[in-house]
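Listing of data-v9.cif, mmCIF, C-alpha atoms (C1' of nucleotides)
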data_target
#
loop_
_atom_site.label_atom_id
_atom_site.label_comp_id
_atom_site.auth_asym_id
_atom_site.auth_seq_id
_atom_site.Cartn_x
_atom_site.Cartn_y
_atom_site.Cartn_z
CA MET A 1 -4.86 -36.00 32.12
CA LEU A 2 -5.28 -33.72 29.15
CA ARG A 3 -4.18 -34.93 25.79
CA LEU A 4 -2.99 -31.96 23.76
CA PRO A 5 -4.04 -32.05 20.10
CA GLU A 6 -0.55 -30.82 19.13
CA ASN A 7 0.73 -34.29 20.00
CA ASP A 8 -1.20 -35.76 17.12
CA VAL A 9 1.05 -35.67 14.09
CA THR A 10 -1.81 -36.43 11.75
CA VAL A 11 -3.49 -33.11 12.61
CA LYS A 12 -6.31 -32.73 10.14
CA GLU A 13 -7.22 -29.08 9.72
CA ARG A 14 -6.24 -26.30 12.08
CA VAL A 15 -7.74 -23.57 9.93
CA ARG A 16 -11.43 -22.93 9.62
CA ILE A 17 -12.89 -23.73 6.22
CA GLY A 18 -16.61 -23.86 6.69
CA GLY A 19 -19.61 -21.57 6.76
CA ARG A 20 -19.02 -18.20 8.33
CA SER A 21 -15.39 -17.86 7.47
CA ALA A 22 -16.05 -18.70 3.84
CA ARG A 23 -19.03 -16.35 3.70
CA ILE A 24 -16.95 -13.46 4.95
CA GLN A 25 -14.12 -14.15 2.55
CA SER A 26 -16.60 -14.22 -0.29
CA ALA A 27 -18.31 -11.02 0.85
CA VAL A 28 -15.00 -9.19 1.16
CA HIS A 29 -13.80 -10.39 -2.22
CA ASP A 30 -17.06 -9.28 -3.80
CA ALA A 31 -16.75 -5.89 -2.14
CA VAL A 32 -13.22 -5.42 -3.47
CA ARG A 33 -14.33 -6.36 -6.99
CA LYS A 34 -17.31 -4.02 -6.84
CA LEU A 35 -15.37 -1.07 -5.43
CA GLY A 36 -12.45 -1.75 -7.76
CA ALA A 37 -14.74 -1.62 -10.77
CA LEU A 38 -15.83 1.94 -10.08
CA SER A 39 -13.61 4.56 -8.41
CA THR A 40 -11.26 4.35 -11.41
CA ARG A 41 -8.57 2.67 -9.34
CA ASN A 42 -7.02 3.87 -6.11
CA GLN A 43 -8.53 5.71 -3.17
CA ILE A 44 -10.13 2.46 -2.18
CA THR A 45 -9.75 1.92 1.57
CA VAL A 46 -10.15 -0.93 4.02
CA PRO A 47 -13.03 0.71 5.95
CA GLN A 48 -14.83 1.22 2.62
CA ILE A 49 -14.45 -2.44 1.73
CA ALA A 50 -15.52 -3.48 5.20
CA ALA A 51 -18.67 -1.36 5.01
CA GLU A 52 -19.54 -2.71 1.56
CA ALA A 53 -19.01 -6.28 2.76
CA GLY A 54 -20.94 -5.74 5.99
CA VAL A 55 -17.92 -6.62 8.10
CA THR A 56 -15.80 -4.92 10.74
CA PRO A 57 -12.52 -3.42 9.48
CA SER A 58 -10.62 -5.26 12.20
CA THR A 59 -11.70 -8.55 10.66
CA ILE A 60 -10.02 -7.60 7.40
CA TYR A 61 -6.87 -6.40 9.11
CA ARG A 62 -6.58 -9.57 11.17
CA ARG A 63 -7.23 -11.87 8.26
CA TRP A 64 -5.30 -10.20 5.46
CA GLY A 65 -2.89 -7.90 7.28
CA ASP A 66 -3.22 -4.82 5.11
CA LEU A 67 -4.90 -3.48 2.00
CA SER A 68 -2.22 -4.52 -0.48
CA ALA A 69 -2.26 -8.10 0.79
CA LEU A 70 -6.04 -8.20 0.38
CA LEU A 71 -5.86 -6.73 -3.12
CA ALA A 72 -3.19 -9.26 -4.04
CA ASP A 73 -5.33 -12.10 -2.70
CA VAL A 74 -8.33 -10.97 -4.70
CA ALA A 75 -6.16 -10.49 -7.77
CA VAL A 76 -4.78 -14.04 -7.79
CA ALA A 77 -8.31 -15.34 -7.25
CA ARG A 78 -9.43 -13.44 -10.34
CA LEU A 79 -6.38 -14.47 -12.32
CA ARG A 80 -6.93 -18.13 -11.44
CA PRO A 81 -8.29 -19.82 -14.57
CA ILE A 82 -11.80 -21.18 -14.50
CA ALA A 83 -11.55 -23.14 -17.73
CA ASP A 84 -8.99 -24.83 -19.94
CA PRO A 85 -7.87 -23.10 -23.13
CA ASP A 86 -10.07 -23.70 -26.16
CA ASP A 87 -9.45 -26.83 -28.15
CA THR A 88 -9.12 -25.77 -31.79
CA GLY A 89 -7.89 -29.12 -33.06
CA ALA A 90 -4.18 -28.41 -33.47
CA VAL A 91 -1.28 -27.26 -31.28
CA GLU A 92 -0.37 -24.20 -33.27
CA SER A 93 -3.86 -22.77 -33.45
CA ASP A 94 -4.44 -23.74 -29.81
CA LEU A 95 -1.40 -21.78 -28.72
CA ARG A 96 -2.06 -18.81 -31.00
CA ALA A 97 -5.64 -18.53 -29.77
CA PHE A 98 -4.59 -18.82 -26.14
CA ILE A 99 -1.82 -16.23 -26.42
CA GLU A 100 -4.06 -13.76 -28.21
CA GLN A 101 -6.67 -14.01 -25.49
CA TYR A 102 -4.02 -13.89 -22.77
CA ALA A 103 -2.47 -10.73 -24.22
CA GLU A 104 -5.85 -9.08 -24.49
CA GLU A 105 -6.77 -9.87 -20.91
CA MET A 106 -3.45 -8.76 -19.48
CA SER A 107 -3.27 -5.53 -21.42
CA SER A 108 -6.78 -4.49 -20.44
CA PRO A 109 -7.05 -1.94 -17.61
CA VAL A 110 -8.36 -4.63 -15.26
CA GLY A 111 -5.59 -7.03 -16.17
CA GLN A 112 -2.94 -4.38 -15.64
CA ALA A 113 -4.39 -3.50 -12.25
CA LEU A 114 -4.50 -7.15 -11.21
CA MET A 115 -0.88 -7.68 -12.16
CA ARG A 116 0.19 -4.60 -10.23
CA ASP A 117 -1.76 -5.79 -7.21
CA VAL A 118 -0.07 -9.18 -7.35
CA LEU A 119 3.40 -7.74 -7.84
CA SER A 120 3.18 -5.01 -5.23
CA THR A 121 2.68 -7.37 -2.35
CA SER A 122 5.67 -8.42 -0.30
CA ARG A 123 4.20 -11.89 0.13
CA GLN A 124 6.46 -14.23 -1.74
CA GLY A 125 4.88 -16.85 -3.94
CA LEU A 126 1.86 -15.00 -5.27
CA PRO A 127 3.47 -13.83 -8.51
CA GLY A 128 4.88 -17.32 -8.86
CA ALA A 129 1.39 -18.76 -8.56
CA CYS A 130 0.18 -16.54 -11.42
CA ALA A 131 3.06 -17.64 -13.61
CA GLY A 132 2.03 -21.17 -12.65
CA PHE A 133 -1.45 -20.64 -14.08
CA THR A 134 0.05 -19.70 -17.43
CA CYS A 135 2.40 -22.66 -17.27
CA ASP A 136 -0.51 -24.99 -16.50
CA HIS A 137 -2.39 -23.82 -19.56
CA LEU A 138 0.62 -24.32 -21.77
CA THR A 139 1.02 -27.80 -20.31
CA THR A 140 -2.61 -28.57 -21.06
CA ILE A 141 -2.23 -27.49 -24.69
CA ASN A 142 0.91 -29.59 -24.95
CA ALA A 143 -0.78 -32.64 -23.45
CA ARG A 144 -3.50 -32.38 -26.09
CA ALA A 145 -0.84 -32.14 -28.76
CA LYS A 146 0.81 -35.33 -27.55
CA ALA A 147 -2.56 -37.09 -27.43
CA ARG A 148 -3.08 -36.12 -31.06
CA GLY A 149 0.36 -37.37 -32.01
CA GLU A 150 1.64 -33.87 -32.71
CA THR A 151 5.09 -32.71 -31.63
CA PRO A 152 4.75 -30.50 -28.56
CA PHE A 153 6.47 -27.13 -28.20
CA ASP A 154 9.04 -26.13 -25.58
CA ILE A 155 7.12 -24.55 -22.72
CA ASP A 156 10.08 -22.62 -21.34
CA GLU A 157 10.74 -21.19 -24.77
CA VAL A 158 7.16 -19.96 -25.07
CA ILE A 159 7.35 -18.39 -21.62
CA ASP A 160 10.67 -16.71 -22.31
CA HIS A 161 9.99 -15.50 -25.86
CA VAL A 162 6.24 -15.07 -26.12
CA VAL A 163 4.75 -14.57 -22.66
CA ALA A 164 7.62 -12.53 -21.20
CA PRO A 165 7.78 -9.93 -24.00
CA ILE A 166 4.02 -9.46 -23.81
CA ILE A 167 4.09 -8.91 -20.06
CA TYR A 168 7.11 -6.63 -20.30
CA ARG A 169 5.29 -4.44 -22.81
CA VAL A 170 2.20 -4.26 -20.64
CA LEU A 171 4.09 -3.44 -17.47
CA PHE A 172 6.79 -1.09 -18.72
CA SER A 173 5.42 0.43 -21.87
CA ASP A 174 2.23 2.24 -22.71
CA ARG A 175 1.83 0.36 -25.98
CA ILE A 176 -0.36 -2.70 -25.70
CA PRO A 177 0.65 -5.92 -27.47
CA THR A 178 -1.43 -6.21 -30.62
CA PRO A 179 -2.57 -9.57 -32.03
CA ASP A 180 -0.16 -8.93 -34.88
CA TYR A 181 2.71 -8.50 -32.47
CA CYS A 182 1.76 -11.70 -30.64
CA ASN A 183 1.68 -13.65 -33.87
CA ARG A 184 5.12 -12.38 -34.84
CA LEU A 185 6.40 -13.64 -31.50
CA LEU A 186 4.75 -16.99 -32.13
CA ASP A 187 6.35 -17.26 -35.54
CA ARG A 188 9.56 -17.99 -33.65
CA ILE A 189 7.95 -21.05 -32.10
CA PHE A 190 6.15 -22.16 -35.25
CA PRO A 191 8.32 -20.94 -38.16
CA PRO A 192 6.13 -20.08 -41.17
CA ALA A 193 6.79 -22.07 -44.30
CA MET B 1 -4.12 47.37 -13.37
CA LEU B 2 -2.68 44.04 -12.41
CA ARG B 3 -0.90 42.02 -15.01
CA LEU B 4 -1.44 38.35 -14.28
CA PRO B 5 1.63 36.20 -14.85
CA GLU B 6 -0.56 33.55 -16.46
CA ASN B 7 -0.91 35.87 -19.44
CA ASP B 8 2.76 35.50 -20.21
CA VAL B 9 3.10 32.52 -22.53
CA THR B 10 6.86 32.40 -22.06
CA VAL B 11 6.48 31.59 -18.36
CA LYS B 12 9.91 30.50 -17.21
CA GLU B 13 9.62 28.29 -14.17
CA ARG B 14 6.56 27.99 -11.98
CA VAL B 15 8.08 25.33 -9.79
CA ARG B 16 10.78 25.98 -7.25
CA ILE B 17 14.13 24.40 -8.05
CA GLY B 18 16.62 26.06 -5.76
CA GLY B 19 18.05 25.69 -2.28
CA ARG B 20 15.57 24.65 0.34
CA SER B 21 13.30 22.64 -1.88
CA ALA B 22 16.22 20.70 -3.31
CA ARG B 23 17.71 20.18 0.14
CA ILE B 24 14.47 18.70 1.42
CA GLN B 25 14.04 16.43 -1.58
CA SER B 26 17.58 15.19 -1.08
CA ALA B 27 17.10 14.68 2.66
CA VAL B 28 13.88 12.74 2.13
CA HIS B 29 15.42 10.58 -0.58
CA ASP B 30 18.39 9.84 1.68
CA ALA B 31 16.04 8.95 4.52
CA VAL B 32 14.11 6.52 2.33
CA ARG B 33 17.31 4.86 1.15
CA LYS B 34 18.64 4.59 4.70
CA LEU B 35 15.42 3.22 6.17
CA GLY B 36 14.90 0.94 3.17
CA ALA B 37 18.33 -0.58 3.65
CA LEU B 38 17.54 -1.82 7.15
CA SER B 39 14.04 -2.87 8.25
CA THR B 40 14.22 -5.74 5.74
CA ARG B 41 11.59 -4.13 3.57
CA ASN B 42 8.09 -3.00 4.55
CA GLN B 43 6.84 -1.45 7.74
CA ILE B 44 8.49 1.76 6.63
CA THR B 45 6.16 4.70 7.26
CA VAL B 46 5.91 8.32 6.21
CA PRO B 47 6.31 9.71 9.76
CA GLN B 48 9.45 7.58 10.13
CA ILE B 49 10.92 8.97 6.93
CA ALA B 50 9.96 12.49 7.94
CA ALA B 51 11.68 12.13 11.32
CA GLU B 52 14.82 10.70 9.74
CA ALA B 53 14.91 13.52 7.19
CA GLY B 54 14.19 16.20 9.79
CA VAL B 55 11.02 17.25 8.02
CA THR B 56 7.33 17.47 8.85
CA PRO B 57 5.18 14.59 7.58
CA SER B 58 2.78 17.04 5.96
CA THR B 59 5.58 18.22 3.71
CA ILE B 60 6.00 14.72 2.35
CA TYR B 61 2.28 14.20 1.89
CA ARG B 62 1.90 17.51 0.07
CA ARG B 63 4.87 16.95 -2.19
CA TRP B 64 4.57 13.29 -3.02
CA GLY B 65 0.96 12.44 -2.22
CA ASP B 66 1.47 9.14 -0.45
CA LEU B 67 4.09 6.60 0.52
CA SER B 68 3.98 4.52 -2.63
CA ALA B 69 4.44 7.59 -4.82
CA LEU B 70 7.46 8.59 -2.77
CA LEU B 71 8.94 5.10 -2.92
CA ALA B 72 8.40 5.04 -6.68
CA ASP B 73 10.09 8.42 -7.05
CA VAL B 74 13.10 7.28 -5.06
CA ALA B 75 13.20 4.03 -6.99
CA VAL B 76 13.39 5.66 -10.43
CA ALA B 77 16.07 7.99 -9.12
CA ARG B 78 18.11 4.98 -8.02
CA LEU B 79 17.41 3.12 -11.25
CA ARG B 80 18.50 6.12 -13.30
CA PRO B 81 21.93 5.27 -14.71
CA ILE B 82 24.92 7.29 -13.57
CA ALA B 83 27.32 5.99 -16.16
CA ASP B 84 27.36 4.52 -19.65
CA PRO B 85 27.87 0.77 -20.05
CA ASP B 86 31.49 -0.37 -20.14
CA ASP B 87 33.30 -0.17 -23.45
CA THR B 88 34.88 -3.57 -24.02
CA GLY B 89 35.90 -2.93 -27.61
CA ALA B 90 33.23 -4.89 -29.46
CA VAL B 91 29.40 -4.94 -29.67
CA GLU B 92 28.91 -8.51 -28.60
CA SER B 93 31.09 -8.32 -25.51
CA ASP B 94 29.64 -4.89 -24.71
CA LEU B 95 26.12 -6.27 -24.77
CA ARG B 96 26.97 -9.48 -22.92
CA ALA B 97 28.73 -7.54 -20.17
CA PHE B 98 25.89 -5.06 -19.87
CA ILE B 99 23.19 -7.72 -19.72
CA GLU B 100 25.05 -9.75 -17.13
CA GLN B 101 25.38 -6.72 -14.87
CA TYR B 102 21.79 -5.70 -15.53
CA ALA B 103 20.48 -9.14 -14.61
CA GLU B 104 22.54 -9.19 -11.45
CA GLU B 105 21.32 -5.78 -10.34
CA MET B 106 17.69 -6.50 -11.08
CA SER B 107 17.64 -9.90 -9.43
CA SER B 108 19.24 -8.61 -6.25
CA PRO B 109 16.88 -7.96 -3.33
CA VAL B 110 17.32 -4.22 -3.76
CA GLY B 111 16.66 -4.39 -7.47
CA GLN B 112 13.53 -6.45 -6.95
CA ALA B 113 12.26 -4.00 -4.37
CA LEU B 114 12.95 -1.03 -6.63
CA MET B 115 11.06 -2.63 -9.50
CA ARG B 116 8.10 -3.40 -7.28
CA ASP B 117 8.09 0.18 -6.01
CA VAL B 118 8.08 1.51 -9.56
CA LEU B 119 5.36 -0.86 -10.75
CA SER B 120 3.06 -0.47 -7.78
CA THR B 121 2.48 3.22 -8.29
CA SER B 122 -0.59 4.34 -10.20
CA ARG B 123 1.39 7.19 -11.74
CA GLN B 124 1.66 6.42 -15.41
CA GLY B 125 5.00 6.89 -17.09
CA LEU B 126 7.37 5.85 -14.33
CA PRO B 127 7.74 2.24 -15.48
CA GLY B 128 8.14 3.57 -18.99
CA ALA B 129 10.96 5.80 -17.84
CA CYS B 130 12.80 2.80 -16.40
CA ALA B 131 12.40 0.88 -19.63
CA GLY B 132 13.75 4.00 -21.29
CA PHE B 133 16.95 3.81 -19.26
CA THR B 134 17.57 0.31 -20.55
CA CYS B 135 16.76 1.38 -24.08
CA ASP B 136 19.19 4.30 -23.78
CA HIS B 137 21.99 1.98 -22.75
CA LEU B 138 21.32 -0.35 -25.64
CA THR B 139 21.32 2.64 -27.99
CA THR B 140 24.66 3.76 -26.59
CA ILE B 141 26.20 0.35 -27.16
CA ASN B 142 24.80 0.33 -30.68
CA ALA B 143 26.14 3.81 -31.43
CA ARG B 144 29.61 2.64 -30.43
CA ALA B 145 29.21 -0.36 -32.69
CA LYS B 146 28.35 1.86 -35.65
CA ALA B 147 31.33 4.13 -34.87
CA ARG B 148 33.55 1.06 -34.99
CA GLY B 149 32.05 -0.04 -38.29
CA GLU B 150 30.35 -3.06 -36.71
CA THR B 151 26.85 -4.11 -37.62
CA PRO B 152 24.48 -3.05 -34.81
CA PHE B 153 21.88 -5.34 -33.26
CA ASP B 154 18.11 -4.87 -33.25
CA ILE B 155 17.26 -3.06 -30.02
CA ASP B 156 13.63 -4.19 -29.96
CA GLU B 157 14.74 -7.77 -30.39
CA VAL B 158 17.10 -7.52 -27.43
CA ILE B 159 14.38 -5.99 -25.30
CA ASP B 160 11.82 -8.61 -26.30
CA HIS B 161 14.03 -11.69 -26.12
CA VAL B 162 16.76 -10.88 -23.62
CA VAL B 163 15.59 -8.15 -21.27
CA ALA B 164 11.96 -9.23 -21.04
CA PRO B 165 12.65 -12.89 -20.13
CA ILE B 166 15.10 -11.78 -17.45
CA ILE B 167 12.62 -9.36 -15.90
CA TYR B 168 9.80 -11.90 -16.13
CA ARG B 169 11.90 -14.43 -14.23
CA VAL B 170 12.77 -11.91 -11.55
CA LEU B 171 9.23 -10.70 -11.08
CA PHE B 172 7.24 -13.91 -11.38
CA SER B 173 9.61 -16.67 -10.45
CA ASP B 174 11.80 -17.29 -7.47
CA ARG B 175 14.68 -18.45 -9.65
CA ILE B 176 17.15 -15.69 -10.47
CA PRO B 177 18.55 -15.42 -14.00
CA THR B 178 22.07 -16.88 -13.96
CA PRO B 179 24.87 -15.54 -16.17
CA ASP B 180 24.62 -18.81 -18.05
CA TYR B 181 20.93 -18.25 -18.69
CA CYS B 182 21.60 -14.71 -19.89
CA ASN B 183 24.26 -15.90 -22.30
CA ARG B 184 21.92 -18.50 -23.75
CA LEU B 185 19.41 -15.74 -24.39
CA LEU B 186 22.11 -13.66 -26.04
CA ASP B 187 23.11 -16.54 -28.29
CA ARG B 188 19.90 -15.79 -30.15
CA ILE B 189 21.13 -12.30 -30.92
CA PHE B 190 24.71 -13.35 -31.66
CA PRO B 191 24.47 -16.93 -33.00
CA PRO B 192 27.58 -18.90 -32.00
CA ALA B 193 29.66 -20.23 -34.86
"C1'" DG C 1 16.50 45.62 -1.76
"C1'" DC C 2 11.29 44.69 -2.64
"C1'" DC C 3 7.45 41.91 -4.18
"C1'" DT C 4 4.92 37.80 -5.19
"C1'" DT C 5 3.91 33.29 -4.08
"C1'" DA C 6 5.50 28.28 -3.91
"C1'" DA C 7 6.94 25.48 -0.33
"C1'" DT C 8 7.31 24.53 4.32
"C1'" DG C 9 6.17 24.12 9.54
"C1'" DC C 10 2.86 23.69 13.05
"C1'" DA C 11 -1.19 22.01 15.12
"C1'" DA C 12 -5.95 20.77 15.01
"C1'" DA C 13 -9.18 17.78 12.72
"C1'" DT C 14 -10.08 13.55 10.51
"C1'" DA C 15 -9.28 8.87 9.08
"C1'" DT C 16 -7.08 4.66 9.50
"C1'" DT C 17 -4.87 0.83 11.91
"C1'" DT C 18 -4.01 -1.79 16.08
"C1'" DT C 19 -5.35 -4.11 20.26
"C1'" DG C 20 -7.85 -6.07 24.34
"C1'" DC C 21 -11.71 -8.57 25.48
"C1'" DG C 22 -16.18 -10.69 25.21
"C1'" DT C 23 -18.99 -13.46 21.85
"C1'" DT C 24 -20.02 -16.63 18.04
"C1'" DA C 25 -19.66 -20.68 15.55
"C1'" DA C 26 -16.57 -24.65 13.12
"C1'" DG C 27 -14.76 -28.89 13.85
"C1'" DA C 28 -13.58 -32.67 16.97
"C1'" DA C 29 -14.83 -35.68 20.62
"C1'" DT C 30 -18.10 -37.80 23.35
"C1'" DA D 1 -27.41 -35.18 18.99
"C1'" DT D 2 -24.72 -32.82 22.60
"C1'" DT D 3 -20.63 -30.98 24.56
"C1'" DC D 4 -16.07 -29.10 24.31
"C1'" DT D 5 -12.27 -26.43 22.47
"C1'" DT D 6 -10.69 -22.64 20.16
"C1'" DA D 7 -10.27 -20.06 15.59
"C1'" DA D 8 -12.48 -16.27 13.84
"C1'" DC D 9 -15.32 -12.50 14.58
"C1'" DG D 10 -17.55 -7.91 16.50
"C1'" DC D 11 -17.08 -4.02 19.28
"C1'" DA D 12 -14.91 -0.13 21.14
"C1'" DA D 13 -10.90 2.17 22.94
"C1'" DA D 14 -6.21 3.34 21.94
"C1'" DA D 15 -2.51 4.29 18.92
"C1'" DT D 16 -1.02 5.93 14.39
"C1'" DA D 17 -1.32 7.92 10.23
"C1'" DT D 18 -3.28 11.35 6.99
"C1'" DT D 19 -5.49 15.68 5.82
"C1'" DT D 20 -6.22 20.57 6.24
"C1'" DG D 21 -6.20 25.59 7.67
"C1'" DC D 22 -3.25 29.15 8.63
"C1'" DA D 23 1.11 31.49 9.69
"C1'" DT D 24 5.90 31.68 8.22
"C1'" DT D 25 9.95 31.15 5.28
"C1'" DA D 26 12.54 31.67 1.26
"C1'" DA D 27 12.97 31.22 -4.31
"C1'" DG D 28 12.86 33.72 -8.31
"C1'" DG D 29 11.58 37.94 -10.71
"C1'" DC D 30 11.54 42.87 -10.63
#

Show me this structure written as structure tokens.
Amino acid sequence: MLRLPENDVTVKERVRIGGRSARIQSAVHDAVRKLGALSTRNQITVPQIAAEAGVTPSTIYRRWGDLSALLADVAVARLRPIADPDDTGAVESDLRAFIEQYAEEMSSPVGQALMRDVLSTSRQGLPGACAGFTCDHLTTINARAKARGETPFDIDEVIDHVVAPIIYRVLFSDRIPTPDYCNRLLDRIFPPA
Amino acid sequence: MLRLPENDVTVKERVRIGGRSARIQSAVHDAVRKLGALSTRNQITVPQIAAEAGVTPSTIYRRWGDLSALLADVAVARLRPIADPDDTGAVESDLRAFIEQYAEEMSSPVGQALMRDVLSTSRQGLPGACAGFTCDHLTTINARAKARGETPFDIDEVIDHVVAPIIYRVLFSDRIPTPDYCNRLLDRIFPPA
DNA sequence: GCCTTAATGCAAATATTTTGCGTTAAGAAT
DNA sequence: ATTCTTAACGCAAAATATTTGCATTAAGGC
């Protein structure tokens, strides 16, 4: 008699991870990045990406669903941090340095495009994941502060009153957040003497 | 000899405003609203909209370019305020009432969809227009305050530290801003005694 | 009422997306 | 190592969506 694998509650991995599947994902992601770099945004199509990646369009449609889902997937992958924020030796300078770099990245044309890609998808959870990256970095900076014996800051307060205003400006205004503006926001977290 | 109309600097109106054009725009907008209401978001297509509006698809493509541009256009039209914020008799209560209603509208499923539609378009200026609506309302409330002899609030500060955190939560988190949360944000503008 | 032309409708041409089916290769079991 | 199962892929036909050329309609100006 056949024993169906569904009966096993400790099912290991039902989704393919290895070789070919990973190669294709990588090739498609690379193609999106390459085509997104030129073509000054928009007019990028699934067949184009497929051709650039050396893959059939139907593969992309089956795996990602549609163009916006693919763009969103690539965007979160690019937004995912590859390194911890710089360690400058103190909480305040750590946070100021991180925020300045964050604002610069997000207000750049690429950063703006990535955020739009993430937000325009209907898939729930992707924007939340990006906010999670920011939160993780803030947590890292705070953990260092505690290790040094410094008093940590309130993460929610930084998100609400430093990160949020920066993102709002980038998304809804044409003025980019300057380093000076960021530092004024941070003065609310670290009041100047 | 022919006199080209381009030579006339005081060219009145080169774009049609009247009857048919306006009727079609209205019919298409209505169709988008109707189809957007059902269909639980997404899977709405241009041919569908055209059929519902009793119009040829090519008309929509020629006038709006593509689906996302049309959705964005409809979204800003729906976001455009039809009335001034309620006059409660005092600045603080005016602002608290306005913000509470604003947060509720924006965190609703419709509001979230409208914001995504506005942000996902490549057309520059549409998100800025929406931010302008909010700014206009705040200016109105402030003008009333001045007329009453009250001291007005700082509009930029409200946008940065009340509006922005609310929008950030709606866009990037799955938790909606509660009235309680909004009031805590507003306590920074109007410190409780 | 007449003239000019922007905006639309229609239909053919083109491009994209979906789908059925055979093939390839990852991961598990032998 | 070899075999087995099946998720993921490629291919090509079908279905849908988008673009485009041309004829027609109707604003807005005279």

Quick one: apply the PyMOL selection byres ((chain C and resi 23) around 8) to the file and drop the selected residues here as an MDAnalysis selection string.
-> (chainID C and resid 22 24) or (chainID D and resid 10)

Using all atoms listed in the file, find the one residue out of C:DT8, C:DC2, C:DA15, C:DC21 that sits nearest to chain A.
->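 Between C:DT8, C:DC2, C:DA15, C:DC21, the residue approaching chain A most closely is C:DA15.
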
Would you please work out which residue, of B:Gly65, B:Gly19, B:Pro191, B:Pro152, is nearest to chain C when using all atoms listed in the file?
-> B:Gly19

Find the nearest atom pair between each residue of chain C and chain A for residues within 12 Å, count all atoms listed in the file, give distances in Å to one decimal, sort rows by chain and ascending number, and present the table as a Markdown table.
| residue | atom | partner | partner_atom | distance |
| --- | --- | --- | --- | --- |
| C:DA15 | C1' | A:Pro47 | CA | 9.5 |
| C:DT16 | C1' | A:Pro47 | CA | 8.0 |
| C:DT17 | C1' | A:Tyr61 | CA | 8.0 |
| C:DT18 | C1' | A:Ser58 | CA | 8.4 |
| C:DT19 | C1' | A:Ser58 | CA | 9.7 |
| C:DT24 | C1' | A:Arg20 | CA | 9.9 |
| C:DA25 | C1' | A:Arg20 | CA | 7.7 |
| C:DA26 | C1' | A:Arg16 | CA | 6.5 |
| C:DG27 | C1' | A:Arg16 | CA | 8.0 |
| C:DA28 | C1' | A:Lys12 | CA | 10.0 |
| C:DA29 | C1' | A:Pro5 | CA | 11.4 |

Quick one: axis-aligned box around all listed atoms of segment 69-87 of chain A, 5 Å on every side, centre and edge lengths in Å to one decimal, written as JSON.
{"center_x": -7.0, "center_y": -16.8, "center_z": -13.7, "size_x": 19.5, "size_y": 30.1, "size_z": 38.9}

Would you work out the distance separating atom CA of Ala31 of chain A from atom CA of Val118 of chain A, expressed in Å to one decimal?
->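 Separation of atom CA of Ala31 of chain A and atom CA of Val118 of chain A: 17.8 Å.
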
Hey, what comes out of the PyMOL selection byres ((chain A and resi 135-148) around 7) on this file? Could you write it as JSON, numbers by chain?
-> {"A": [84, 85, 90, 91, 94, 131, 132, 133, 134, 149, 150, 151, 152, 153, 155]}

Looking at all atoms listed in the file, which of B:Val28, B:Leu67, B:Ile82, B:Ala53 is the one that sits closest to chain D?
-> B:Leu67
